[in-house]
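Pasting protein23.txt here (compact mmCIF, C-alpha atoms):
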```txt
# COMPACT_ATOMS: atom_id res chain seq x y z
CA MET F 1 169.06 204.21 231.68
CA LEU F 2 167.70 204.13 228.13
CA GLY F 3 164.60 206.06 229.26
CA LYS F 4 166.78 208.76 230.82
CA GLU F 5 168.89 209.02 227.66
CA VAL F 6 165.84 209.32 225.40
CA THR F 7 164.11 211.87 227.66
CA ALA F 8 167.26 213.99 227.95
CA GLU F 9 167.89 213.83 224.19
CA LEU F 10 164.31 214.71 223.27
CA ARG F 11 164.60 217.79 225.49
CA SER F 12 168.06 218.93 224.33
CA ARG F 13 168.09 217.42 220.80
CA VAL F 14 171.83 217.98 220.50
CA ALA F 15 172.75 214.56 219.08
CA LEU F 16 169.59 214.38 216.95
CA ASN F 17 170.30 217.77 215.42
CA ALA F 18 173.99 217.03 214.84
CA ILE F 19 173.39 213.66 213.17
CA GLY F 20 170.27 214.72 211.27
CA LEU F 21 171.75 217.95 209.93
CA PHE F 22 175.01 216.29 208.88
CA ALA F 23 173.19 213.46 207.12
CA LEU F 24 170.72 215.71 205.33
CA THR F 25 173.35 218.25 204.25
CA THR F 26 175.65 215.53 202.89
CA LEU F 27 172.79 213.76 201.19
CA VAL F 28 171.55 216.91 199.50
CA ALA F 29 175.10 217.83 198.41
CA VAL F 30 175.68 214.35 196.96
CA ALA F 31 172.28 214.30 195.25
CA TYR F 32 172.84 217.78 193.79
CA GLN F 33 176.33 217.04 192.49
CA ILE F 34 175.87 213.47 191.33
CA GLY F 35 172.13 212.88 191.16
CA PRO F 36 170.56 209.72 189.79
CA TYR F 37 172.00 209.86 186.25
CA GLN F 38 175.64 210.93 186.46
CA ILE F 39 177.02 207.51 187.31
CA ALA F 40 177.52 204.89 184.63
CA GLU F 41 174.99 202.06 184.92
CA GLU F 42 177.63 199.39 185.62
CA ASP F 43 179.21 201.47 188.42
CA ARG F 44 175.93 202.33 190.14
CA PRO F 45 175.61 199.28 192.46
CA HIS F 46 179.10 199.76 193.97
CA LEU F 47 179.20 203.54 194.06
CA LEU F 48 175.73 204.12 195.43
CA ALA F 49 176.18 201.52 198.18
CA ALA F 50 179.51 203.13 199.12
CA LEU F 51 178.06 206.65 199.04
CA LEU F 52 175.13 205.60 201.24
CA TRP F 53 177.42 204.14 203.91
CA ILE F 54 179.81 207.08 203.80
CA ILE F 55 176.87 209.38 204.56
CA LEU F 56 175.51 207.10 207.29
CA PHE F 57 178.87 206.47 208.95
CA PHE F 58 180.08 210.07 209.07
CA ALA F 59 176.66 211.29 210.22
CA ALA F 60 176.89 208.78 213.04
CA THR F 61 180.38 209.92 214.07
CA SER F 62 179.07 213.48 214.43
CA GLY F 63 176.66 212.53 217.21
CA LEU F 64 177.25 209.12 218.76
CA ALA F 65 180.27 210.15 220.84
CA ARG F 66 178.04 212.47 222.83
CA VAL F 67 176.64 209.69 225.01
CA PHE F 68 179.75 209.79 227.18
CA VAL F 69 181.28 213.15 226.28
CA LYS F 70 178.19 214.97 227.56
CA GLU F 71 178.42 213.09 230.89
CA GLU F 72 181.97 214.36 231.36
CA ASP F 73 181.22 217.88 230.10
CA SER F 74 178.20 218.32 232.35
CA HIS F 75 179.90 216.69 235.39
CA THR F 76 177.30 213.95 235.67
CA ALA F 77 179.77 211.13 234.92
CA LYS F 78 180.96 210.92 238.52
CA THR F 79 177.40 210.92 239.88
CA LEU F 80 176.45 208.19 237.42
CA ARG F 81 179.62 206.20 238.17
CA LEU F 82 178.68 206.08 241.86
CA ALA F 83 175.05 205.14 241.28
CA ALA F 84 174.90 202.71 238.37
CA ARG F 85 176.55 199.39 237.60
CA PRO F 86 178.95 199.68 234.65
CA THR F 87 177.09 197.05 232.62
CA ALA F 88 173.82 198.96 233.03
CA VAL F 89 175.53 202.17 231.89
CA PHE F 90 177.02 200.51 228.82
CA VAL F 91 173.84 198.71 227.82
CA GLY F 92 171.76 201.89 228.28
CA LYS F 93 174.15 204.02 226.24
CA TYR F 94 174.51 201.30 223.60
CA LEU F 95 170.75 200.93 223.19
CA PHE F 96 170.38 204.69 222.93
CA ASN F 97 172.99 204.86 220.15
CA LEU F 98 171.28 201.94 218.43
CA VAL F 99 167.89 203.69 218.55
CA LEU F 100 169.50 206.87 217.22
CA LEU F 101 171.13 204.99 214.32
CA LEU F 102 167.95 203.13 213.40
CA ALA F 103 166.03 206.43 213.42
CA LEU F 104 168.72 207.94 211.17
CA TYR F 105 168.53 205.00 208.75
CA ASP F 106 164.73 205.20 208.70
CA VAL F 107 164.90 208.74 207.37
CA ILE F 108 168.08 208.79 205.30
CA VAL F 109 167.90 205.45 203.43
CA PRO F 110 164.48 206.07 201.77
CA LEU F 111 165.52 209.66 201.00
CA PHE F 112 168.79 208.46 199.48
CA CYS F 113 166.95 205.89 197.34
CA ALA F 114 164.50 208.54 196.15
CA LEU F 115 167.04 211.28 195.42
CA MET F 116 169.66 209.03 193.82
CA GLY F 117 167.24 206.78 191.94
CA TYR F 118 168.59 203.79 193.87
CA ALA F 119 166.31 200.85 193.09
CA VAL F 120 166.58 198.11 195.72
CA ALA F 121 165.53 194.69 194.47
CA GLY F 122 165.94 192.89 197.81
CA VAL F 123 164.37 195.04 200.51
CA PRO F 124 164.45 192.29 203.20
CA GLY F 125 168.17 191.79 202.55
CA LEU F 126 168.81 195.53 202.75
CA VAL F 127 166.85 195.79 206.01
CA MET F 128 168.93 192.96 207.51
CA VAL F 129 172.19 194.62 206.44
CA MET F 130 171.00 197.94 207.87
CA VAL F 131 169.97 196.44 211.20
CA GLY F 132 173.19 194.42 211.42
CA GLY F 133 175.17 197.54 210.56
CA ALA F 134 173.39 199.56 213.23
CA VAL F 135 173.98 196.88 215.88
CA ALA F 136 177.70 196.73 215.05
CA LEU F 137 178.24 200.48 214.55
CA ALA F 138 176.44 201.31 217.79
CA ALA F 139 178.67 198.89 219.73
CA THR F 140 181.90 200.30 218.26
CA SER F 141 180.77 203.90 218.68
CA THR F 142 179.70 203.39 222.28
CA ILE F 143 182.95 201.82 223.49
CA VAL F 144 185.11 204.32 221.55
CA ALA F 145 183.00 207.17 222.99
CA ALA F 146 183.63 205.82 226.50
CA ILE F 147 187.39 205.58 225.87
CA ILE F 148 187.80 209.09 224.48
CA SER F 149 185.29 210.92 226.69
CA ARG F 150 187.81 212.09 229.28
CA ALA F 151 190.36 213.27 226.72
CA SER F 152 190.52 216.79 225.38
CA GLY F 153 189.63 217.10 221.69
CA SER F 154 187.37 214.12 222.05
CA SER F 155 185.44 214.67 218.80
CA THR F 156 188.61 214.46 216.70
CA LEU F 157 189.81 211.46 218.67
CA PHE F 158 186.48 209.74 218.14
CA ALA F 159 186.82 209.92 214.37
CA ILE F 160 190.50 208.92 214.46
CA MET F 161 189.81 205.87 216.62
CA SER F 162 186.56 204.85 214.94
CA VAL F 163 187.65 204.81 211.30
CA PRO F 164 190.23 201.98 211.49
CA LEU F 165 187.99 199.95 213.77
CA VAL F 166 184.95 200.31 211.54
CA LEU F 167 186.72 199.97 208.17
CA PRO F 168 186.37 196.17 207.88
CA LEU F 169 182.72 196.46 208.89
CA LEU F 170 182.12 199.15 206.26
CA VAL F 171 183.53 196.88 203.56
CA PHE F 172 180.97 194.18 204.39
CA LEU F 173 178.14 196.70 204.81
CA ILE F 174 178.83 198.17 201.36
CA ARG F 175 179.11 194.73 199.81
CA GLY F 176 175.91 193.53 201.53
CA THR F 177 174.01 196.66 200.46
CA ARG F 178 175.20 196.27 196.87
CA ASP F 179 174.13 192.61 196.80
CA ALA F 180 170.75 193.35 198.39
CA ALA F 181 170.08 196.15 195.91
CA GLY F 182 171.04 193.96 192.96
CA SER F 183 168.96 190.89 193.69
CA GLY F 184 165.71 189.93 195.39
CA ASP F 185 167.38 186.71 196.46
CA LEU F 186 168.81 186.64 200.00
CA GLN F 187 171.57 184.19 199.12
CA PRO F 188 174.17 186.71 197.87
CA VAL F 189 173.64 188.89 200.95
CA LEU F 190 174.21 186.08 203.43
CA ALA F 191 178.02 186.03 203.20
CA SER F 192 178.26 189.73 204.08
CA LEU F 193 175.55 189.35 206.70
CA ARG F 194 177.48 186.57 208.44
CA ALA F 195 180.56 188.78 208.62
CA ILE F 196 178.50 191.72 209.92
CA VAL F 197 176.86 189.58 212.61
CA ALA F 198 180.24 188.14 213.63
CA TYR F 199 181.74 191.64 213.84
CA ALA F 200 178.77 192.85 215.89
CA GLY F 201 178.97 189.88 218.26
CA VAL F 202 182.71 190.17 218.84
CA THR F 203 182.51 193.96 219.30
CA LEU F 204 179.60 193.76 221.72
CA ILE F 205 181.12 191.04 223.89
CA THR F 206 184.54 192.73 223.95
CA SER F 207 183.00 196.11 224.68
CA VAL F 208 180.94 194.89 227.63
CA GLY F 209 184.07 193.27 229.10
CA LEU F 210 186.29 196.27 228.43
CA PHE F 211 183.81 198.89 229.58
CA ARG F 212 184.11 198.13 233.31
CA VAL F 213 187.81 199.00 233.17
CA VAL F 214 187.32 202.06 230.95
CA TRP F 215 184.49 203.41 233.11
CA ASN F 216 186.00 202.88 236.54
CA ASP F 217 189.62 203.90 235.91
CA MET B 1 164.75 212.80 257.75
CA VAL B 2 166.24 209.67 256.22
CA LEU B 3 165.01 206.18 256.89
CA PHE B 4 167.96 203.83 257.11
CA ALA B 5 167.67 200.69 255.06
CA ALA B 6 169.40 197.53 256.18
CA MET B 7 172.90 198.73 255.25
CA PRO B 8 175.84 197.29 257.13
CA GLU B 9 178.03 199.61 259.15
CA ILE B 10 181.15 200.42 257.18
CA SER B 11 184.46 201.66 258.52
CA ILE B 12 187.10 203.14 256.26
CA THR B 13 190.83 203.26 256.76
CA PHE B 14 193.39 204.97 254.61
CA ASP B 15 197.02 204.18 255.10
CA ARG B 16 200.02 206.29 253.96
CA VAL B 17 198.00 207.68 251.08
CA GLY B 18 199.83 209.93 248.63
CA LYS B 19 198.77 211.55 245.39
CA ARG B 20 200.91 213.13 242.74
CA PHE B 21 199.71 214.94 239.61
CA GLY B 22 202.73 215.07 237.32
CA SER B 23 205.48 216.76 239.31
CA ARG B 24 203.06 218.19 241.88
CA GLN B 25 202.70 216.27 245.13
CA VAL B 26 199.20 216.98 246.45
CA LEU B 27 198.95 214.47 249.30
CA ALA B 28 201.77 212.70 251.08
CA ASN B 29 201.73 209.91 253.64
CA LEU B 30 198.25 210.55 254.94
CA SER B 31 196.70 207.99 257.29
CA GLY B 32 193.42 207.94 259.15
CA ALA B 33 190.09 206.24 259.66
CA ILE B 34 186.39 206.97 259.61
CA GLU B 35 184.31 204.81 261.89
CA PRO B 36 180.51 204.46 261.81
CA GLY B 37 179.03 207.14 264.02
CA GLN B 38 181.96 209.42 263.40
CA VAL B 39 182.34 212.62 261.40
CA LEU B 40 185.76 213.26 259.89
CA VAL B 41 186.30 216.86 258.86
CA VAL B 42 189.00 217.64 256.30
CA VAL B 43 190.18 221.25 256.32
CA GLY B 44 192.84 223.14 254.43
CA PRO B 45 193.30 226.04 252.06
CA ASN B 46 192.33 225.90 248.39
CA GLY B 47 194.53 223.48 246.48
CA SER B 48 195.62 221.60 249.60
CA GLY B 49 194.03 218.35 248.38
CA LYS B 50 190.75 218.15 250.30
CA SER B 51 188.73 217.12 247.24
CA THR B 52 191.51 214.78 246.13
CA LEU B 53 191.40 213.01 249.50
CA ILE B 54 187.59 212.73 249.36
CA ASN B 55 187.81 211.30 245.83
CA ILE B 56 190.45 208.79 246.92
CA ILE B 57 188.36 207.74 249.93
CA ALA B 58 185.37 207.34 247.58
CA GLY B 59 187.36 205.13 245.21
CA LEU B 60 186.86 207.58 242.36
CA MET B 61 190.58 208.29 242.16
CA ARG B 62 193.47 205.90 242.70
CA PRO B 63 196.18 207.09 245.09
CA SER B 64 199.74 207.21 243.78
CA ARG B 65 200.80 205.55 247.04
CA GLY B 66 199.09 203.89 249.97
CA GLU B 67 195.80 202.09 250.35
CA VAL B 68 192.18 202.66 251.23
CA ALA B 69 190.05 199.89 252.69
CA TYR B 70 186.33 199.54 253.38
CA ARG B 71 185.36 197.02 256.06
CA ASP B 72 181.97 195.75 257.17
CA GLY B 73 181.40 193.31 260.05
CA GLU B 74 182.64 190.41 257.93
CA GLY B 75 185.84 191.73 256.46
CA THR B 76 187.30 193.92 253.74
CA LEU B 77 184.96 194.87 250.92
CA PRO B 78 186.17 194.55 247.31
CA ARG B 79 186.59 197.91 245.62
CA ALA B 80 183.86 197.03 243.11
CA ARG B 81 181.29 197.11 245.92
CA TRP B 82 182.24 200.43 247.59
CA PHE B 83 179.84 202.52 245.54
CA GLU B 84 176.84 200.50 246.81
CA TYR B 85 177.39 201.95 250.28
CA LEU B 86 178.49 205.40 249.28
CA GLY B 87 176.59 208.68 249.02
CA MET B 88 178.49 211.71 247.86
CA ALA B 89 178.01 215.36 246.94
CA ALA B 90 180.83 217.46 245.54
CA PRO B 91 181.23 220.61 243.45
CA ASP B 92 182.29 218.57 240.40
CA MET B 93 179.32 216.21 240.65
CA ALA B 94 176.12 217.28 238.96
CA VAL B 95 172.64 215.95 238.31
CA TYR B 96 171.02 215.93 234.87
CA GLU B 97 170.07 219.43 233.77
CA GLU B 98 167.48 218.23 231.22
CA LEU B 99 165.55 216.31 233.89
CA SER B 100 163.51 217.71 236.75
CA ALA B 101 164.51 217.18 240.39
CA ARG B 102 161.92 214.43 240.76
CA GLU B 103 163.02 212.72 237.51
CA ASN B 104 166.65 212.86 238.62
CA LEU B 105 165.88 211.20 241.94
CA ARG B 106 163.66 208.62 240.25
CA PHE B 107 166.47 207.82 237.80
CA PHE B 108 169.17 207.52 240.47
CA ALA B 109 166.88 205.37 242.62
CA ARG B 110 166.20 203.04 239.69
CA VAL B 111 169.81 202.60 238.66
CA ARG B 112 170.63 201.80 242.28
CA GLY B 113 167.93 199.13 242.16
CA LEU B 114 165.77 200.95 244.73
CA HIS B 115 162.00 201.21 244.64
CA ARG B 116 161.16 204.71 245.80
CA SER B 117 157.58 205.89 245.32
CA ASP B 118 156.91 209.41 244.06
CA ALA B 119 155.60 210.20 247.54
CA ALA B 120 158.92 209.11 249.09
CA LEU B 121 160.85 211.20 246.57
CA ASP B 122 158.60 214.16 247.30
CA ASP B 123 159.24 213.73 251.03
CA LEU B 124 162.97 213.80 250.38
CA LEU B 125 162.68 216.91 248.20
CA GLU B 126 160.48 218.49 250.86
CA THR B 127 163.20 218.04 253.47
CA THR B 128 165.77 219.61 251.15
CA GLY B 129 163.56 222.69 250.99
CA LEU B 130 163.18 222.63 247.21
CA PRO B 131 159.98 224.58 246.46
CA ARG B 132 157.13 222.32 245.32
CA ARG B 133 156.47 224.36 242.18
CA GLU B 134 160.08 223.79 241.00
CA ARG B 135 160.20 220.02 241.34
CA ASP B 136 158.89 219.24 237.86
CA ARG B 137 160.92 221.85 236.03
CA PRO B 138 164.23 220.95 234.39
CA VAL B 139 167.20 221.38 236.73
CA ALA B 140 168.74 223.69 234.08
CA THR B 141 166.24 226.35 235.19
CA TYR B 142 167.26 226.13 238.89
CA SER B 143 169.48 228.52 240.79
CA SER B 144 172.85 227.15 241.93
CA GLY B 145 171.50 226.82 245.48
CA MET B 146 168.53 224.77 244.29
CA LYS B 147 170.86 222.55 242.25
CA GLN B 148 172.95 221.98 245.37
CA ARG B 149 169.82 220.86 247.24
CA VAL B 150 169.05 218.30 244.52
CA LYS B 151 172.66 217.08 244.66
CA LEU B 152 172.35 216.59 248.41
CA ALA B 153 169.04 214.73 247.94
CA GLN B 154 170.76 212.47 245.38
CA ALA B 155 173.58 211.78 247.85
CA VAL B 156 171.27 210.59 250.65
CA LEU B 157 168.61 208.95 248.46
CA HIS B 158 169.76 205.40 249.25
CA ALA B 159 170.51 206.05 252.95
CA PRO B 160 174.20 205.29 252.44
CA ALA B 161 176.46 203.80 255.09
CA VAL B 162 179.23 206.17 254.00
CA LEU B 163 178.48 209.82 253.33
CA LEU B 164 181.14 212.03 251.75
CA LEU B 165 180.41 215.73 251.43
CA ASP B 166 182.82 218.06 249.66
CA GLU B 167 182.03 221.74 250.33
CA PRO B 168 178.40 220.77 251.04
CA SER B 169 177.20 224.31 251.83
CA SER B 170 178.60 225.90 248.69
CA ASN B 171 175.95 228.04 246.96
CA LEU B 172 173.54 227.54 249.87
CA ASP B 173 171.85 230.20 251.98
CA GLU B 174 171.48 230.03 255.77
CA ALA B 175 168.52 227.62 255.51
CA GLY B 176 170.63 225.48 253.20
CA HIS B 177 173.44 225.40 255.73
CA GLU B 178 170.93 224.21 258.34
CA LEU B 179 169.83 221.49 255.92
CA VAL B 180 173.40 220.21 255.62
CA ALA B 181 173.76 220.30 259.42
CA ARG B 182 170.53 218.27 259.72
CA ILE B 183 171.75 215.69 257.19
CA VAL B 184 175.03 215.24 259.04
CA GLN B 185 173.14 215.03 262.34
CA ASP B 186 170.77 212.38 260.95
CA PHE B 187 173.58 210.27 259.51
CA ARG B 188 175.98 210.61 262.43
CA PRO B 189 174.49 207.80 264.58
CA ARG B 190 175.51 204.94 262.27
CA ALA B 191 177.11 206.19 259.06
CA ALA B 192 180.76 207.02 258.45
CA VAL B 193 180.74 210.67 257.42
CA ALA B 194 183.52 212.82 255.95
CA VAL B 195 183.15 216.52 255.22
CA ALA B 196 185.70 218.64 253.33
CA THR B 197 185.15 222.23 254.28
CA ASN B 198 186.59 225.57 255.26
CA ASP B 199 183.41 226.75 256.95
CA PRO B 200 184.04 227.19 260.71
CA ARG B 201 180.46 226.08 261.53
CA GLU B 202 181.03 222.80 259.68
CA MET B 203 184.44 222.28 261.29
CA ALA B 204 182.57 222.14 264.62
CA TRP B 205 180.91 218.85 263.56
CA ALA B 206 184.23 217.03 263.72
CA ASP B 207 184.82 213.94 265.80
CA ALA B 208 188.15 213.68 264.02
CA ARG B 209 189.95 216.21 261.92
CA ILE B 210 192.60 216.24 259.22
CA GLU B 211 194.30 219.53 258.46
CA LEU B 212 196.00 219.69 255.10
CA ALA B 213 198.75 222.19 254.47
CA GLY B 214 198.63 224.39 251.37
```
Would you kindly transcribe this structure into structure tokens?
Amino acid sequence: MLGKEVTAELRSRVALNAIGLFALTTLVAVAYQIGPYQIAEEDRPHLLAALLWIILFFAATSGLARVFVKEEDSHTAKTLRLAARPTAVFVGKYLFNLVLLLALYDVIVPLFCALMGYAVAGVPGLVMVMVGGAVALAATSTIVAAIISRASGSSTLFAIMSVPLVLPLLVFLIRGTRDAAGSGDLQPVLASLRAIVAYAGVTLITSVGLFRVVWND
Amino acid sequence: MVLFAAMPEISITFDRVGKRFGSRQVLANLSGAIEPGQVLVVVGPNGSGKSTLINIIAGLMRPSRGEVAYRDGEGTLPRARWFEYLGMAAPDMAVYEELSARENLRFFARVRGLHRSDAALDDLLETTGLPRRERDRPVATYSSGMKQRVKLAQAVLHAPAVLLLDEPSSNLDEAGHELVARIVQDFRPRAAVAVATNDPREMAWADARIELAG
């Protein structure tokens, strides 16, 4: 399932282009308008962490819904529904979204740090927050994409449904990123990391259980 | 053409099935059965509910009223297991346009948990009449008739015990029509087959027939 998703995406590049272009455009706009020096030193840790996650989250919403929307639009959903077990479909789509998010973070986070002069003292902590964030965001995005895929105006619905669900996660991601950037010590990051892991676990387990109903009905 | 795996024989019954979309009643009080070795042909004008009935029989759509049941030798099958035994081709079912015909079949075989060698997939594509030079090109580059052949190959890939074909000859030339006739002929001995059609040649395959009013 994951192999099919990756092959199809590499040939069409629709989600990659949507996410990549959104992220790069927003990043360049933010860097041009704010840049590394237009934020007061004491505000930098909070504001830069928040700006980074705003860019990452909204870039993700521009492409992650496609995993199910494209199945409905191209009339392959019914063929897939008949052939594959729901759990296999969810896991495949989830892993694809996760790979897409990690690829996005790989490009955007170093660029953001370079353009905004964002010095990260605790790289291991930041990496853990990023990976945790990707695991949790991919789970939420995948199940919301499945729910909205058969509705008209699915892109708008995706954003409307995702924002309230992801808001608590974003709070911990921003806090974890701020703490990781501010200190080389992992200790301050752990509280946020625990919340992120708990969110990811609950979302994943609930999504796998819920998906069978969403997919078959 | 198709080697039958060890699939049980499945019979399907539908009892007083009705379907309503909003205020529009599409099907009302429809009962019938499809036994293994039998071809049920569903005929009726456009909009009479042929595709709706096929979707309800497949378990892809819930009826507003009535029930559908799948039975093997041991009893009634839970709805969650129907798709294991089902092969289907319909106008609103597609294969992946970014993948080639061979990649599509390989993918659908894998997600069904089947081990089909490339040679076996090639044999299947050969019988559908898809030109060899086209098999590794993305389906997006195919004509509608070639896409229909891949859809039919996908439907019979796992030698299903239940074969549902909705307008199976649409977009096909004369050779394509013969292909569909051969598939139905090959499956007839032990599969339960239903065909929704308005083609008089396909109506002649019927062991049982349901005529839907417009």
> Of the candidates F:Val107, F:Gly92, F:Leu80, F:Ile39, which one gets nearest to Leu21 (chain F) if we count all atoms listed in the file?
Replying inline: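 Nearest candidate to Leu21 (chain F) out of F:Val107, F:Gly92, F:Leu80, F:Ile39: F:Val107.
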> Residues around (163.1, 227.6, 247.4), cut-off 12 Å, counting all atoms listed in the file - what are they as an MDAnalysis selection string?
Replying inline: chainID B and resid 125:135 142:150 172:173 175:176
>> Can you work out which residues from chain F touch chain B at a cut-off of 9 Å (counting only C-alpha atoms) and hand them back as number ranges by chain?
In response: F: 1, 3-4, 7-9, 11-12, 71, 74-85, 88-89, 216-217
> Which is closer to Gly47 (chain B) than all the others in B:Leu163, B:Ala33, B:Leu27, B:Met7, using all atoms listed in the file?
Replying inline: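 Closest candidate: B:Leu27.
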> Any idea what's packed within 7 Å of region 50-58 of chain F, counting only C-alpha atoms, ignoring anything in its chain fewer than 3 positions away? Could you give it as a PyMOL selection string?
Replying inline: chain F and resi 23+26-27+46-47+61-62+174
Might I get the box with edges along x, y and z of the file that holds all atoms of region 148-159 of chain F listed there, padded by 3 Å on every side, given as centre and edge lengths in Å to one decimal, as lines of an AutoDock Vina configuration file?
```
center_x = 187.9
center_y = 213.1
center_z = 221.8
size_x = 11.2
size_y = 14.0
size_z = 20.9
```
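Computed from the coordinates, the CA of Thr87 (chain F) to CA of Gly209 (chain F) distance equals 8.7 Å.
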>> Give me the residues near Arg66 (chain F) as a ChimeraX atom specification, where near means some atom within 9 Å (using all atoms listed in the file) and where sequence neighbours in that chain fewer than 2 positions away do not count.
In response: /F:14-15,62-64,68-71,145,149,155
> Neighbours of Pro124 (chain F) within 9 Å (only C-alpha atoms; same-chain residues fewer than 2 positions away dropped), as a list in words?
Replying inline: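 My reading of the contact set: Gly122, Leu126, Val127, Met128, Val129, Ala180, Gly184 and Leu186 of chain F.
One finds CA of Ala159 (chain B) at 15.0 Å from CA of Ala194 (chain B).
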>> For a quick check of understanding, using only C-alpha atoms, which of F:Val30, F:Leu101, F:Leu204, F:Leu169 has the smallest distance to Ala139 (chain F)?
In response: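 When distances to Ala139 (chain F) are compared using only C-alpha atoms, the smallest one comes from F:Leu204.
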Shell around Asp72 (chain B) at 12 Å using only C-alpha atoms, local window under 5 positions removed, as a PDB file with C-alpha atoms, keeping the file's coordinate frame:
```
ATOM      1  CA  MET B   7     172.900 198.730 255.250  1.00  0.00           C
ATOM      2  CA  PRO B   8     175.840 197.290 257.130  1.00  0.00           C
ATOM      3  CA  GLU B   9     178.030 199.610 259.150  1.00  0.00           C
ATOM      4  CA  ILE B  10     181.150 200.420 257.180  1.00  0.00           C
ATOM      5  CA  SER B  11     184.460 201.660 258.520  1.00  0.00           C
ATOM      6  CA  ILE B  12     187.100 203.140 256.260  1.00  0.00           C
ATOM      7  CA  THR B  13     190.830 203.260 256.760  1.00  0.00           C
ATOM      8  CA  GLU B  35     184.310 204.810 261.890  1.00  0.00           C
ATOM      9  CA  PRO B  36     180.510 204.460 261.810  1.00  0.00           C
ATOM     10  CA  LEU B  77     184.960 194.870 250.920  1.00  0.00           C
ATOM     11  CA  PRO B  78     186.170 194.550 247.310  1.00  0.00           C
ATOM     12  CA  ARG B  81     181.290 197.110 245.920  1.00  0.00           C
ATOM     13  CA  TRP B  82     182.240 200.430 247.590  1.00  0.00           C
ATOM     14  CA  TYR B  85     177.390 201.950 250.280  1.00  0.00           C
ATOM     15  CA  ALA B 161     176.460 203.800 255.090  1.00  0.00           C
ATOM     16  CA  VAL B 162     179.230 206.170 254.000  1.00  0.00           C
ATOM     17  CA  ALA B 191     177.110 206.190 259.060  1.00  0.00           C
ATOM     18  CA  ALA B 192     180.760 207.020 258.450  1.00  0.00           C
TER      19      ALA B 192
END
```
Using the structure just given, write a file holding C-alpha atoms for region 195-211 of chain B, as a PDB file, in the first residue's frame.
```pdb
ATOM      1  CA  VAL B 195     -24.532  -8.671 -15.072  1.00  0.00           C
ATOM      2  CA  ALA B 196     -26.264  -5.287 -15.359  1.00  0.00           C
ATOM      3  CA  THR B 197     -26.693  -4.507 -19.010  1.00  0.00           C
ATOM      4  CA  ASN B 198     -28.867  -3.229 -21.808  1.00  0.00           C
ATOM      5  CA  ASP B 199     -26.946  -5.072 -24.510  1.00  0.00           C
ATOM      6  CA  PRO B 200     -29.215  -7.719 -26.120  1.00  0.00           C
ATOM      7  CA  ARG B 201     -26.234 -10.079 -26.630  1.00  0.00           C
ATOM      8  CA  GLU B 202     -25.470  -9.970 -22.900  1.00  0.00           C
ATOM      9  CA  MET B 203     -29.129 -10.423 -21.966  1.00  0.00           C
ATOM     10  CA  ALA B 204     -28.905 -13.811 -23.714  1.00  0.00           C
ATOM     11  CA  TRP B 205     -26.504 -15.072 -21.000  1.00  0.00           C
ATOM     12  CA  ALA B 206     -29.271 -14.992 -18.410  1.00  0.00           C
ATOM     13  CA  ASP B 207     -30.270 -17.985 -16.337  1.00  0.00           C
ATOM     14  CA  ALA B 208     -32.417 -15.579 -14.356  1.00  0.00           C
ATOM     15  CA  ARG B 209     -33.451 -12.070 -15.163  1.00  0.00           C
ATOM     16  CA  ILE B 210     -34.630  -8.994 -13.296  1.00  0.00           C
ATOM     17  CA  GLU B 211     -36.274  -6.241 -15.303  1.00  0.00           C
TER      18      GLU B 211
END
```
